[in-house]
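> Sharing data.cif, mmCIF, C-alpha atoms (C1' of nucleotides):
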```cif
data_my_file
loop_
_atom_site.label_atom_id
_atom_site.label_comp_id
_atom_site.auth_asym_id
_atom_site.auth_seq_id
_atom_site.Cartn_x
_atom_site.Cartn_y
_atom_site.Cartn_z
CA MET M 237 0.75 -49.98 -46.82
CA ASN M 238 0.57 -52.70 -44.19
CA GLN M 239 -1.86 -55.56 -44.40
CA ARG M 240 -4.31 -54.26 -41.85
CA SER M 241 -4.98 -50.91 -43.42
CA ARG M 242 -5.24 -52.45 -46.89
CA LYS M 243 -7.79 -54.92 -45.59
CA ASP M 244 -9.72 -52.11 -43.93
CA GLU M 245 -9.70 -50.20 -47.20
CA ILE M 246 -11.14 -53.23 -49.01
CA ILE M 247 -13.87 -53.65 -46.39
CA GLN M 248 -14.80 -49.98 -46.53
CA THR M 249 -14.93 -50.07 -50.33
CA ALA M 250 -17.02 -53.23 -50.11
CA ALA M 251 -19.44 -51.45 -47.77
CA ILE M 252 -19.95 -48.65 -50.29
CA LEU M 253 -20.43 -51.17 -53.10
CA PHE M 254 -22.73 -53.50 -51.15
CA ARG M 255 -24.83 -50.54 -50.16
CA GLU M 256 -25.27 -49.41 -53.75
CA LYS M 257 -25.75 -52.76 -55.50
CA GLY M 258 -26.56 -55.13 -52.67
CA TYR M 259 -24.39 -58.04 -51.53
CA THR M 260 -25.45 -60.55 -54.19
CA GLY M 261 -25.53 -57.80 -56.82
CA SER M 262 -21.89 -56.88 -56.17
CA THR M 263 -19.04 -58.80 -57.82
CA MET M 264 -15.50 -59.32 -56.65
CA ARG M 265 -14.28 -57.92 -59.97
CA ASP M 266 -16.28 -54.76 -59.40
CA LEU M 267 -14.94 -54.43 -55.88
CA ALA M 268 -11.37 -55.02 -57.06
CA HIS M 269 -11.77 -52.35 -59.73
CA ASN M 270 -12.96 -49.85 -57.12
CA VAL M 271 -9.93 -50.68 -54.98
CA GLY M 272 -7.67 -50.37 -58.00
CA ILE M 273 -6.40 -53.95 -58.26
CA GLU M 274 -7.38 -57.23 -59.96
CA ALA M 275 -10.00 -59.51 -58.47
CA ALA M 276 -7.56 -62.30 -57.68
CA SER M 277 -5.37 -59.89 -55.70
CA LEU M 278 -8.15 -59.35 -53.19
CA TYR M 279 -7.50 -62.84 -51.89
CA ASN M 280 -4.08 -61.80 -50.60
CA HIS M 281 -6.01 -59.85 -47.96
CA ILE M 282 -9.31 -61.61 -47.43
CA ASN M 283 -10.52 -65.20 -47.49
CA SER M 284 -13.89 -64.90 -49.22
CA LYS M 285 -16.73 -62.62 -50.25
CA ASP M 286 -18.69 -63.98 -47.26
CA GLU M 287 -16.05 -62.70 -44.93
CA LEU M 288 -16.48 -59.11 -46.14
CA LEU M 289 -20.15 -59.00 -45.22
CA SER M 290 -19.50 -60.76 -41.92
CA GLU M 291 -16.81 -58.30 -40.90
CA ILE M 292 -19.09 -55.37 -41.67
CA CYS M 293 -22.12 -56.69 -39.78
CA ILE M 294 -20.19 -58.04 -36.82
CA HIS M 295 -18.25 -54.79 -36.49
CA ILE M 296 -21.46 -52.78 -36.31
CA ALA M 297 -23.02 -55.28 -33.92
CA HIS M 298 -20.07 -54.89 -31.57
CA LEU M 299 -20.38 -51.11 -31.56
CA PHE M 300 -24.03 -51.32 -30.55
CA THR M 301 -23.38 -53.99 -27.95
CA ASN M 302 -20.62 -51.95 -26.33
CA GLU M 303 -22.80 -48.87 -26.15
CA MET M 304 -25.71 -50.84 -24.73
CA ASN M 305 -23.50 -52.28 -22.01
CA ARG M 306 -22.32 -48.77 -21.14
CA VAL M 307 -25.86 -47.37 -21.02
CA LYS M 308 -27.20 -50.25 -18.94
CA LYS M 309 -24.80 -49.41 -16.14
CA LEU M 310 -25.68 -45.72 -16.23
CA ASN M 311 -27.14 -44.30 -13.04
CA SER M 312 -29.85 -42.26 -14.72
CA SER M 313 -33.54 -42.25 -15.59
CA SER M 314 -35.02 -44.54 -18.23
CA VAL M 315 -35.70 -41.54 -20.44
CA ASP M 316 -32.09 -40.43 -20.24
CA LYS M 317 -30.96 -43.94 -21.10
CA LEU M 318 -33.21 -43.91 -24.16
CA ILE M 319 -31.87 -40.50 -25.14
CA ALA M 320 -28.34 -41.84 -24.88
CA LEU M 321 -29.24 -44.72 -27.18
CA ILE M 322 -30.98 -42.44 -29.66
CA ASP M 323 -27.93 -40.16 -29.70
CA PHE M 324 -25.71 -43.15 -30.33
CA HIS M 325 -27.83 -44.26 -33.28
CA ILE M 326 -27.51 -40.79 -34.77
CA LEU M 327 -23.77 -40.68 -34.09
CA ILE M 328 -23.07 -44.08 -35.61
CA THR M 329 -25.19 -43.27 -38.65
CA ILE M 330 -22.87 -40.35 -39.29
CA ASP M 331 -19.57 -42.05 -38.51
CA HIS M 332 -20.27 -45.43 -40.14
CA ASN M 333 -22.87 -44.48 -42.70
CA ASP M 334 -22.23 -47.14 -45.32
CA MET M 335 -21.63 -49.97 -42.88
CA ILE M 336 -24.85 -49.20 -41.03
CA ALA M 337 -26.79 -49.18 -44.28
CA VAL M 338 -25.24 -52.50 -45.33
CA THR M 339 -25.90 -54.08 -41.97
CA ASN M 340 -29.54 -53.02 -42.00
CA GLN M 341 -30.18 -54.07 -45.59
CA GLU M 342 -27.90 -57.05 -46.25
CA TRP M 343 -27.57 -58.95 -42.98
CA ARG M 344 -29.90 -61.65 -44.22
CA HIS M 345 -27.23 -62.67 -46.76
CA LEU M 346 -24.79 -63.59 -44.02
CA ASN M 347 -23.62 -67.20 -44.14
CA ASP M 348 -25.12 -69.55 -41.60
CA SER M 349 -22.55 -69.29 -38.85
CA SER M 350 -22.21 -65.50 -39.04
CA MET M 351 -25.98 -65.19 -39.21
CA THR M 352 -26.37 -67.13 -35.99
CA GLY M 353 -23.94 -64.87 -34.19
CA PHE M 354 -25.46 -61.71 -35.61
CA ILE M 355 -29.00 -62.64 -34.63
CA LYS M 356 -27.81 -63.43 -31.14
CA PHE M 357 -26.30 -59.95 -30.91
CA ARG M 358 -29.43 -58.32 -32.24
CA ASP M 359 -31.81 -60.23 -29.99
CA GLN M 360 -29.76 -59.28 -26.97
CA TYR M 361 -29.75 -55.63 -27.99
CA GLU M 362 -33.50 -55.64 -28.47
CA GLN M 363 -34.09 -57.42 -25.18
CA ASN M 364 -32.03 -54.81 -23.33
CA PHE M 365 -33.80 -52.01 -25.16
CA LYS M 366 -37.18 -53.43 -24.23
CA ALA M 367 -36.09 -53.81 -20.62
CA ILE M 368 -35.27 -50.10 -20.43
CA VAL M 369 -38.63 -49.22 -21.97
CA LYS M 370 -40.44 -51.52 -19.54
CA GLU M 371 -38.57 -50.01 -16.61
CA GLY M 372 -39.68 -46.55 -17.80
CA ILE M 373 -43.28 -47.66 -18.11
CA ASP M 374 -43.28 -49.27 -14.68
CA ASN M 375 -41.86 -46.22 -12.92
CA GLY M 376 -44.22 -43.84 -14.71
CA GLU M 377 -41.71 -42.05 -16.93
CA LEU M 378 -43.28 -43.46 -20.08
CA LEU M 379 -46.89 -43.87 -21.18
CA GLN M 380 -48.49 -47.29 -20.90
CA ALA M 381 -47.80 -49.32 -24.05
CA ASP M 382 -46.39 -52.59 -25.32
CA PRO M 383 -42.60 -52.33 -24.83
CA GLU M 384 -41.90 -54.25 -28.03
CA LEU M 385 -44.10 -51.94 -30.07
CA VAL M 386 -42.41 -48.91 -28.53
CA MET M 387 -38.99 -50.34 -29.28
CA PHE M 388 -39.77 -51.17 -32.91
CA THR M 389 -41.28 -47.74 -33.48
CA VAL M 390 -38.32 -45.90 -32.02
CA LEU M 391 -35.71 -48.02 -33.79
CA SER M 392 -37.54 -47.81 -37.10
CA SER M 393 -37.83 -44.05 -36.80
CA LEU M 394 -34.08 -43.89 -36.44
CA ARG M 395 -33.47 -46.03 -39.50
CA TRP M 396 -34.44 -43.43 -42.08
CA LEU M 397 -31.45 -41.41 -40.90
CA GLN M 398 -29.28 -43.62 -43.07
CA PHE M 399 -31.07 -42.26 -46.14
CA TRP M 400 -31.10 -38.69 -44.95
CA TYR M 401 -27.43 -38.45 -44.04
CA ARG M 402 -24.90 -37.10 -46.49
CA PRO M 403 -21.52 -35.62 -45.49
CA ASP M 404 -22.69 -32.12 -46.40
CA ARG M 405 -25.46 -32.41 -43.83
CA LYS M 406 -23.13 -32.83 -40.87
CA LEU M 407 -23.99 -29.36 -39.64
CA GLU M 408 -27.71 -30.01 -39.55
CA THR M 409 -27.14 -32.92 -37.20
CA ASP M 410 -27.87 -31.01 -34.00
CA THR M 411 -31.16 -29.67 -35.32
CA ILE M 412 -32.23 -33.12 -36.43
CA ARG M 413 -31.26 -34.65 -33.12
CA ILE M 414 -33.28 -32.18 -31.08
CA GLN M 415 -36.37 -32.39 -33.30
CA LEU M 416 -36.21 -36.16 -33.52
CA LYS M 417 -35.82 -36.62 -29.79
CA ASN M 418 -38.71 -34.29 -29.15
CA MET M 419 -40.90 -36.13 -31.59
CA LEU M 420 -40.16 -39.55 -30.18
CA LEU M 421 -40.32 -38.62 -26.53
CA LYS M 422 -43.42 -36.49 -26.72
CA GLY M 423 -44.99 -39.62 -28.08
CA ILE M 424 -43.97 -41.92 -25.31
CA GLN M 425 -43.25 -39.70 -22.31
CA ALA M 426 -45.96 -39.16 -19.71
CA HIS M 427 -47.35 -35.66 -19.15
CA GLY M 428 -45.40 -34.51 -22.24
CA MET W 130 -55.80 -72.10 -65.53
CA ASN W 131 -55.92 -69.07 -67.79
CA GLN W 132 -52.87 -67.01 -68.54
CA ARG W 133 -53.66 -64.16 -66.20
CA SER W 134 -54.01 -66.24 -63.03
CA ARG W 135 -50.90 -68.27 -63.87
CA LYS W 136 -48.92 -65.08 -64.34
CA ASP W 137 -50.27 -63.75 -61.07
CA GLU W 138 -49.22 -66.96 -59.37
CA ILE W 139 -45.70 -66.57 -60.75
CA ILE W 140 -45.52 -62.95 -59.60
CA GLN W 141 -46.75 -63.83 -56.11
CA THR W 142 -44.26 -66.69 -55.86
CA ALA W 143 -41.53 -64.33 -57.07
CA ALA W 144 -42.49 -61.85 -54.35
CA ILE W 145 -42.04 -64.51 -51.67
CA LEU W 146 -38.71 -65.57 -53.17
CA PHE W 147 -37.38 -62.04 -53.72
CA ARG W 148 -38.28 -61.18 -50.16
CA GLU W 149 -36.36 -64.12 -48.79
CA LYS W 150 -33.27 -64.10 -51.02
CA GLY W 151 -33.33 -60.65 -52.57
CA TYR W 152 -33.84 -59.90 -56.26
CA THR W 153 -30.28 -60.54 -57.39
CA GLY W 154 -30.01 -63.50 -55.02
CA SER W 155 -33.02 -65.24 -56.57
CA THR W 156 -32.69 -67.36 -59.71
CA MET W 157 -35.25 -68.13 -62.36
CA ARG W 158 -34.58 -71.83 -61.81
CA ASP W 159 -35.38 -71.43 -58.12
CA LEU W 160 -38.54 -69.49 -58.94
CA ALA W 161 -39.61 -72.09 -61.48
CA HIS W 162 -39.07 -74.87 -58.96
CA ASN W 163 -41.29 -73.09 -56.44
CA VAL W 164 -43.98 -72.71 -59.09
CA GLY W 165 -43.60 -76.37 -60.02
CA ILE W 166 -42.39 -76.02 -63.61
CA GLU W 167 -39.08 -75.71 -65.49
CA ALA W 168 -37.27 -72.39 -65.79
CA ALA W 169 -37.80 -72.10 -69.52
CA SER W 170 -41.55 -72.52 -69.08
CA LEU W 171 -41.73 -69.29 -67.11
CA TYR W 172 -41.14 -67.43 -70.35
CA ASN W 173 -44.49 -68.53 -71.72
CA HIS W 174 -46.00 -66.16 -69.16
CA ILE W 175 -43.47 -63.40 -68.57
CA ASN W 176 -40.87 -61.60 -70.67
CA SER W 177 -37.96 -61.29 -68.25
CA LYS W 178 -36.81 -61.38 -64.65
CA ASP W 179 -36.80 -57.58 -64.72
CA GLU W 180 -40.47 -57.57 -65.47
CA LEU W 181 -41.31 -59.51 -62.31
CA LEU W 182 -39.77 -56.90 -60.04
CA SER W 183 -41.31 -54.07 -62.05
CA GLU W 184 -44.80 -55.54 -61.83
CA ILE W 185 -44.48 -55.94 -58.07
CA CYS W 186 -43.20 -52.44 -57.38
CA ILE W 187 -45.49 -50.67 -59.85
CA HIS W 188 -48.50 -52.56 -58.51
CA ILE W 189 -47.77 -51.40 -54.98
CA ALA W 190 -47.05 -47.87 -56.14
CA HIS W 191 -50.44 -47.72 -57.83
CA LEU W 192 -52.22 -48.84 -54.68
CA PHE W 193 -50.59 -46.07 -52.66
CA THR W 194 -51.23 -43.47 -55.33
CA ASN W 195 -54.88 -44.35 -55.55
CA GLU W 196 -55.31 -44.12 -51.81
CA MET W 197 -53.47 -40.82 -51.65
CA ASN W 198 -55.71 -39.36 -54.33
CA ARG W 199 -58.75 -40.50 -52.38
CA VAL W 200 -57.48 -39.03 -49.11
CA LYS W 201 -56.49 -35.72 -50.68
CA LYS W 202 -60.07 -35.08 -51.71
CA LEU W 203 -61.41 -35.95 -48.26
CA ASN W 204 -63.27 -33.18 -46.47
CA SER W 205 -61.70 -33.77 -43.07
CA SER W 206 -58.98 -32.51 -40.73
CA SER W 207 -55.29 -33.03 -41.42
CA VAL W 208 -55.07 -35.42 -38.51
CA ASP W 209 -57.91 -37.52 -39.89
CA LYS W 210 -56.20 -37.61 -43.26
CA LEU W 211 -53.00 -38.82 -41.64
CA ILE W 212 -54.95 -41.46 -39.73
CA ALA W 213 -56.49 -42.64 -42.99
CA LEU W 214 -53.04 -42.98 -44.52
CA ILE W 215 -51.68 -44.79 -41.49
CA ASP W 216 -54.61 -47.20 -41.58
CA PHE W 217 -53.97 -47.83 -45.24
CA HIS W 218 -50.33 -48.64 -44.59
CA ILE W 219 -51.38 -51.17 -41.98
CA LEU W 220 -54.06 -52.62 -44.24
CA ILE W 221 -51.75 -53.00 -47.22
CA THR W 222 -49.05 -54.54 -45.06
CA ILE W 223 -51.51 -57.27 -44.16
CA ASP W 224 -53.04 -57.80 -47.60
CA HIS W 225 -49.85 -57.54 -49.67
CA ASN W 226 -47.23 -58.50 -47.14
CA ASP W 227 -44.57 -59.96 -49.43
CA MET W 228 -45.00 -57.40 -52.20
CA ILE W 229 -44.67 -54.52 -49.75
CA ALA W 230 -41.51 -56.03 -48.32
CA VAL W 231 -40.05 -56.54 -51.80
CA THR W 232 -40.96 -53.03 -52.88
CA ASN W 233 -39.35 -51.51 -49.80
CA GLN W 234 -36.19 -53.59 -49.99
CA GLU W 235 -35.58 -54.29 -53.68
CA TRP W 236 -36.85 -51.27 -55.60
CA ARG W 237 -33.32 -50.09 -56.24
CA HIS W 238 -32.76 -53.12 -58.48
CA LEU W 239 -35.44 -51.96 -60.91
CA ASN W 240 -34.20 -51.44 -64.45
CA ASP W 241 -33.68 -47.86 -65.56
CA SER W 242 -37.05 -47.17 -67.11
CA SER W 243 -39.08 -48.79 -64.32
CA MET W 244 -36.90 -47.04 -61.76
CA THR W 245 -37.69 -43.66 -63.26
CA GLY W 246 -41.41 -44.32 -63.11
CA PHE W 247 -41.24 -45.70 -59.60
CA ILE W 248 -39.29 -42.75 -58.23
CA LYS W 249 -41.78 -40.39 -59.81
CA PHE W 250 -44.59 -42.21 -58.02
CA ARG W 251 -42.76 -42.16 -54.71
CA ASP W 252 -41.77 -38.50 -54.91
CA GLN W 253 -45.34 -37.56 -55.63
CA TYR W 254 -46.59 -39.61 -52.69
CA GLU W 255 -44.08 -38.01 -50.35
CA GLN W 256 -44.85 -34.54 -51.62
CA ASN W 257 -48.56 -35.06 -50.97
CA PHE W 258 -47.83 -36.51 -47.55
CA LYS W 259 -45.68 -33.54 -46.63
CA ALA W 260 -48.39 -31.16 -47.86
CA ILE W 261 -50.89 -32.72 -45.48
CA VAL W 262 -48.42 -32.45 -42.60
CA LYS W 263 -47.66 -28.83 -43.47
CA GLU W 264 -51.35 -28.06 -43.63
CA GLY W 265 -51.77 -29.57 -40.18
CA ILE W 266 -48.88 -27.54 -38.79
CA ASP W 267 -50.17 -24.32 -40.30
CA ASN W 268 -53.67 -24.73 -38.91
CA GLY W 269 -52.41 -25.72 -35.47
CA GLU W 270 -53.45 -29.36 -35.45
CA LEU W 271 -49.85 -30.52 -35.36
CA LEU W 272 -46.81 -29.36 -33.39
CA GLN W 273 -44.29 -27.13 -35.10
CA ALA W 274 -41.66 -29.26 -36.89
CA ASP W 275 -40.02 -29.87 -40.22
CA PRO W 276 -42.69 -31.56 -42.39
CA GLU W 277 -40.11 -33.77 -44.11
CA LEU W 278 -38.78 -35.00 -40.78
CA VAL W 279 -42.29 -35.72 -39.57
CA MET W 280 -43.07 -37.61 -42.75
CA PHE W 281 -39.94 -39.74 -42.67
CA THR W 282 -40.46 -40.57 -39.01
CA VAL W 283 -44.09 -41.62 -39.51
CA LEU W 284 -43.42 -43.61 -42.65
CA SER W 285 -40.40 -45.34 -41.13
CA SER W 286 -42.36 -46.24 -38.03
CA LEU W 287 -44.88 -47.95 -40.25
CA ARG W 288 -42.24 -49.91 -42.12
CA TRP W 289 -41.41 -52.31 -39.28
CA LEU W 290 -44.95 -53.65 -39.62
CA GLN W 291 -43.71 -55.73 -42.53
CA PHE W 292 -41.46 -57.64 -40.13
CA TRP W 293 -44.05 -57.91 -37.41
CA TYR W 294 -46.87 -59.21 -39.54
CA ARG W 295 -47.52 -62.93 -39.88
CA PRO W 296 -50.88 -64.43 -40.87
CA ASP W 297 -51.45 -65.72 -37.35
CA ARG W 298 -51.27 -62.16 -36.06
CA LYS W 299 -54.25 -60.94 -38.01
CA LEU W 300 -56.34 -60.74 -34.86
CA GLU W 301 -53.89 -58.46 -33.09
CA THR W 302 -54.20 -55.95 -35.88
CA ASP W 303 -56.74 -53.73 -34.16
CA THR W 304 -54.69 -53.49 -30.99
CA ILE W 305 -51.59 -52.60 -32.96
CA ARG W 306 -53.42 -50.00 -35.00
CA ILE W 307 -54.78 -48.22 -31.96
CA GLN W 308 -51.48 -48.25 -30.06
CA LEU W 309 -49.47 -47.22 -33.08
CA LYS W 310 -51.78 -44.35 -33.96
CA ASN W 311 -51.70 -43.13 -30.39
CA MET W 312 -47.93 -43.25 -30.29
CA LEU W 313 -47.44 -41.40 -33.52
CA LEU W 314 -50.11 -38.77 -32.93
CA LYS W 315 -49.27 -38.05 -29.33
CA GLY W 316 -45.87 -37.20 -30.71
CA ILE W 317 -46.96 -34.77 -33.34
CA GLN W 318 -50.39 -33.56 -32.26
CA ALA W 319 -50.65 -30.28 -30.33
CA HIS W 320 -52.10 -30.38 -26.81
CA GLY W 321 -51.96 -34.18 -26.95
"C1'" DC K 65 23.02 -54.30 -53.62
"C1'" DG K 66 20.59 -58.54 -52.82
"C1'" DC K 67 17.14 -61.01 -50.25
"C1'" DC K 68 12.59 -62.18 -48.98
"C1'" DA K 69 8.05 -61.65 -48.10
"C1'" DA K 70 4.02 -59.10 -49.38
"C1'" DA K 71 1.12 -58.03 -52.93
"C1'" DA K 72 0.29 -57.52 -57.38
"C1'" DC K 73 -0.44 -59.94 -61.93
"C1'" DT K 74 -2.35 -63.43 -65.90
"C1'" DA K 75 -4.93 -67.37 -66.92
"C1'" DA K 76 -8.20 -70.41 -66.11
"C1'" DC K 77 -11.76 -73.69 -63.94
"C1'" DA K 78 -16.07 -75.32 -62.71
"C1'" DA K 79 -20.46 -73.78 -61.61
"C1'" DC K 80 -24.28 -71.01 -62.39
"C1'" DC K 81 -26.87 -67.24 -64.65
"C1'" DG K 82 -30.91 -65.39 -67.78
"C1'" DT K 83 -32.62 -66.58 -71.83
"C1'" DT K 84 -33.63 -68.83 -76.56
"C1'" DA K 85 -34.74 -72.53 -79.88
"C1'" DG K 86 -37.10 -76.32 -81.01
"C1'" DT K 87 -40.22 -80.04 -79.60
"C1'" DT K 88 -43.86 -82.38 -77.12
"C1'" DT K 89 -47.79 -82.45 -74.15
"C1'" DT K 90 -52.02 -80.48 -72.43
"C1'" DT K 91 -56.03 -77.68 -72.70
"C1'" DT K 92 -59.68 -75.27 -75.13
"C1'" DA K 93 -63.08 -74.45 -78.73
"C1'" DT K 94 -65.73 -75.99 -82.52
"C1'" DA I 3 -63.15 -85.92 -82.39
"C1'" DT I 4 -60.04 -82.83 -84.15
"C1'" DA I 5 -57.63 -78.70 -85.00
"C1'" DA I 6 -55.61 -74.71 -82.89
"C1'" DA I 7 -53.62 -72.53 -79.09
"C1'" DA I 8 -51.46 -72.57 -74.69
"C1'" DA I 9 -48.12 -74.27 -71.79
"C1'" DA I 10 -45.09 -77.53 -70.61
"C1'" DC I 11 -40.62 -79.91 -71.77
"C1'" DT I 12 -35.22 -80.82 -73.08
"C1'" DA I 13 -31.04 -78.94 -74.52
"C1'" DA I 14 -28.02 -75.57 -74.98
"C1'" DC I 15 -26.02 -70.72 -75.80
"C1'" DG I 16 -22.94 -67.09 -74.36
"C1'" DG I 17 -21.68 -64.68 -70.49
"C1'" DT I 18 -20.58 -64.06 -65.54
"C1'" DT I 19 -19.49 -65.71 -60.98
"C1'" DG I 20 -16.24 -66.73 -56.85
"C1'" DT I 21 -12.11 -68.62 -56.48
"C1'" DT I 22 -7.46 -71.07 -57.29
"C1'" DA I 23 -2.79 -71.90 -59.32
"C1'" DG I 24 1.24 -70.27 -60.75
"C1'" DT I 25 4.18 -66.27 -61.88
"C1'" DT I 26 5.98 -61.62 -61.69
"C1'" DT I 27 6.55 -57.20 -59.51
"C1'" DT I 28 7.08 -54.27 -55.59
"C1'" DG I 29 8.94 -52.44 -51.32
"C1'" DG I 30 11.44 -52.61 -46.99
"C1'" DC I 31 15.69 -54.28 -44.47
"C1'" DG I 32 20.39 -56.25 -43.70
#
```
Please express the file's structure as structure tokens.

Amino acid sequence: MNQRSRKDEIIQTAAILFREKGYTGSTMRDLAHNVGIEAASLYNHINSKDELLSEICIHIAHLFTNEMNRVKKLNSSSVDKLIALIDFHILITIDHNDMIAVTNQEWRHLNDSSMTGFIKFRDQYEQNFKAIVKEGIDNGELLQADPELVMFTVLSSLRWLQFWYRPDRKLETDTIRIQLKNMLLKGIQAHG
Amino acid sequence: MNQRSRKDEIIQTAAILFREKGYTGSTMRDLAHNVGIEAASLYNHINSKDELLSEICIHIAHLFTNEMNRVKKLNSSSVDKLIALIDFHILITIDHNDMIAVTNQEWRHLNDSSMTGFIKFRDQYEQNFKAIVKEGIDNGELLQADPELVMFTVLSSLRWLQFWYRPDRKLETDTIRIQLKNMLLKGIQAHG
DNA sequence: CGCCAAAACTAACAACCGTTAGTTTTTTAT
DNA sequence: ATAAAAAACTAACGGTTGTTAGTTTTGGCG
């Protein structure tokens, strides 16, 4: 077991624990027990409890940023760009279920320096998202509305997926995706 | 200052604190300091830290249950019932901003007995909500869709209001309500 | 086999937690 | 004004927290 994969195992276990009990409600002894070692042994692999939460949130932030940069460059309609983003939210909820939940619920417990970086990421993502919505409104693809309100509504609608998803529901994913996309777009797309 | 209003002040201060630092991240000493007394003095008014969270969540649960019971008896269309519920969510987000945020984010830290009661409340609310949606689908007011998915999407969309609302935005409330209702209904209402 | 680093262990520290006990101050009612 | 009740205080308890120091065990390589 090399150091990297052991560290990854600890972070993944931490994500499951943080999700269930919250960051401040989770203890290093509890985490160590779930990994199968003593609390002090964790520090052969990580530097602090802070670091665990940071790695989780920053990792997720990077995934979203990368996807946003890809979508921005896409040569397609605003609606198709939004669909791509919605699909990515669904995909990442399935592939990184616990980390997404932790990021959404526990990011405000990040230490100061990580918090600053995380908020910068998030603001940029939201700004890009709004820009796509605005572009769609301006060219008539989307109904007239406040871009920020549209963004918040769409992103919030996608957030409940983290509660819905369980591994045994992987097969229902396609049905959910189609219904969810329809619901969101029929609400914001012109001449729906 | 009689006992009731002092206790209410403590609970309200706790709501603000729990919202900012989370339930497990908040300390009784911190709470006491915000109230302006010593930690031990809190126990002249409350029985435990547990109780604070319970009172907040149960209070909010009661408000929603009461409104749901009122709406159920309404002699109006399914869409109008949904609009009434949406308006209530907006109203309560404004009037009980911190308590709503705490209930949404910290309910899973309730002790076992309060948790049981809270989940019962919530399940009942969701069941009633779904029934109204199903009724609307069956009588053609709403587009064909899975009632649970519709419910989750609507309720999640309303949740971001807790982040948007600040006292200085009270005047924008009407604009938000109209736009939000339009967005949600145009997405689920037939022949929108 | 023997070496060395990685990774586990035990033990403990200093700080902080919710809460209680016992006492003093403040408020209320007669 | 005074007695009773309410609400504040100081001090401390037993337990838990993240983390460190120092030691032992494990596993891969010559």
> If I take atom CA of M:Gln398 and atom CA of M:His325, how far is one from the other in Å, to one decimal?
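Rounded to one decimal, the two atoms are 9.9 Å apart.
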> Measure the distance from atom CA of W:Arg199 to atom CA of W:Gly265 in Å and round it to one decimal.
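Distance between the two atoms: 17.8 Å.
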> In the coordinate frame of the file, compute which residues have an atom within 12 Å of (-6.5, -73.6, -59.3) when using all atoms listed in the file, and state them as an MDAnalysis selection string.
(chainID M and resid 276) or (chainID K and resid 75:78) or (chainID I and resid 21:24)
> Neighbours of K:DA93 within 10 Å (only C-alpha atoms (C1' of nucleotides); same-chain residues fewer than 3 positions away dropped), as a ChimeraX atom specification?
/I:5-7
> Quick one: everything within 12 Å of I:DC11, counting all atoms listed in the file, minus sequence neighbours fewer than 2 positions away in the same chain. Send it as a PDB file with C-alpha atoms (C1' of nucleotides), keeping the file's coordinate frame.

```pdb
ATOM      1  CA  ILE W 166     -42.390 -76.020 -63.610  1.00  0.00           C
ATOM      2  CA  GLU W 167     -39.080 -75.710 -65.490  1.00  0.00           C
ATOM      3  CA  ALA W 168     -37.270 -72.390 -65.790  1.00  0.00           C
ATOM      4  CA  ALA W 169     -37.800 -72.100 -69.520  1.00  0.00           C
ATOM      5  CA  SER W 170     -41.550 -72.520 -69.080  1.00  0.00           C
ATOM      6  CA  LEU W 171     -41.730 -69.290 -67.110  1.00  0.00           C
TER       7      LEU W 171
ATOM      8  C1'  DG K  86     -37.100 -76.320 -81.010  1.00  0.00           C
ATOM      9  C1'  DT K  87     -40.220 -80.040 -79.600  1.00  0.00           C
ATOM     10  C1'  DT K  88     -43.860 -82.380 -77.120  1.00  0.00           C
ATOM     11  C1'  DT K  89     -47.790 -82.450 -74.150  1.00  0.00           C
ATOM     12  C1'  DT K  90     -52.020 -80.480 -72.430  1.00  0.00           C
TER      13       DT K  90
ATOM     14  C1'  DA I   9     -48.120 -74.270 -71.790  1.00  0.00           C
ATOM     15  C1'  DA I  13     -31.040 -78.940 -74.520  1.00  0.00           C
TER      16       DA I  13
END
```
> Suppose you want the space between atom CA of M:Glu245 and atom CA of M:Asp266; what is it in Å?
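That distance, rounded to one decimal, is 14.6 Å.
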> What are the residues of chain W lining chain K at 9 Å or less? Count only C-alpha atoms (C1' of nucleotides), and put the answer as a list in words.
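Contact residues on the first chain: Thr156, Met157, Ala169, Tyr172, Ser177 and Lys178 of chain W.
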> Between W:Lys249, W:Lys136, W:Lys202, W:Arg148, which one has atoms that come closest to chain M, using all atoms listed in the file?
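Answer, going by the shortest atom-to-atom distance: W:Arg148.
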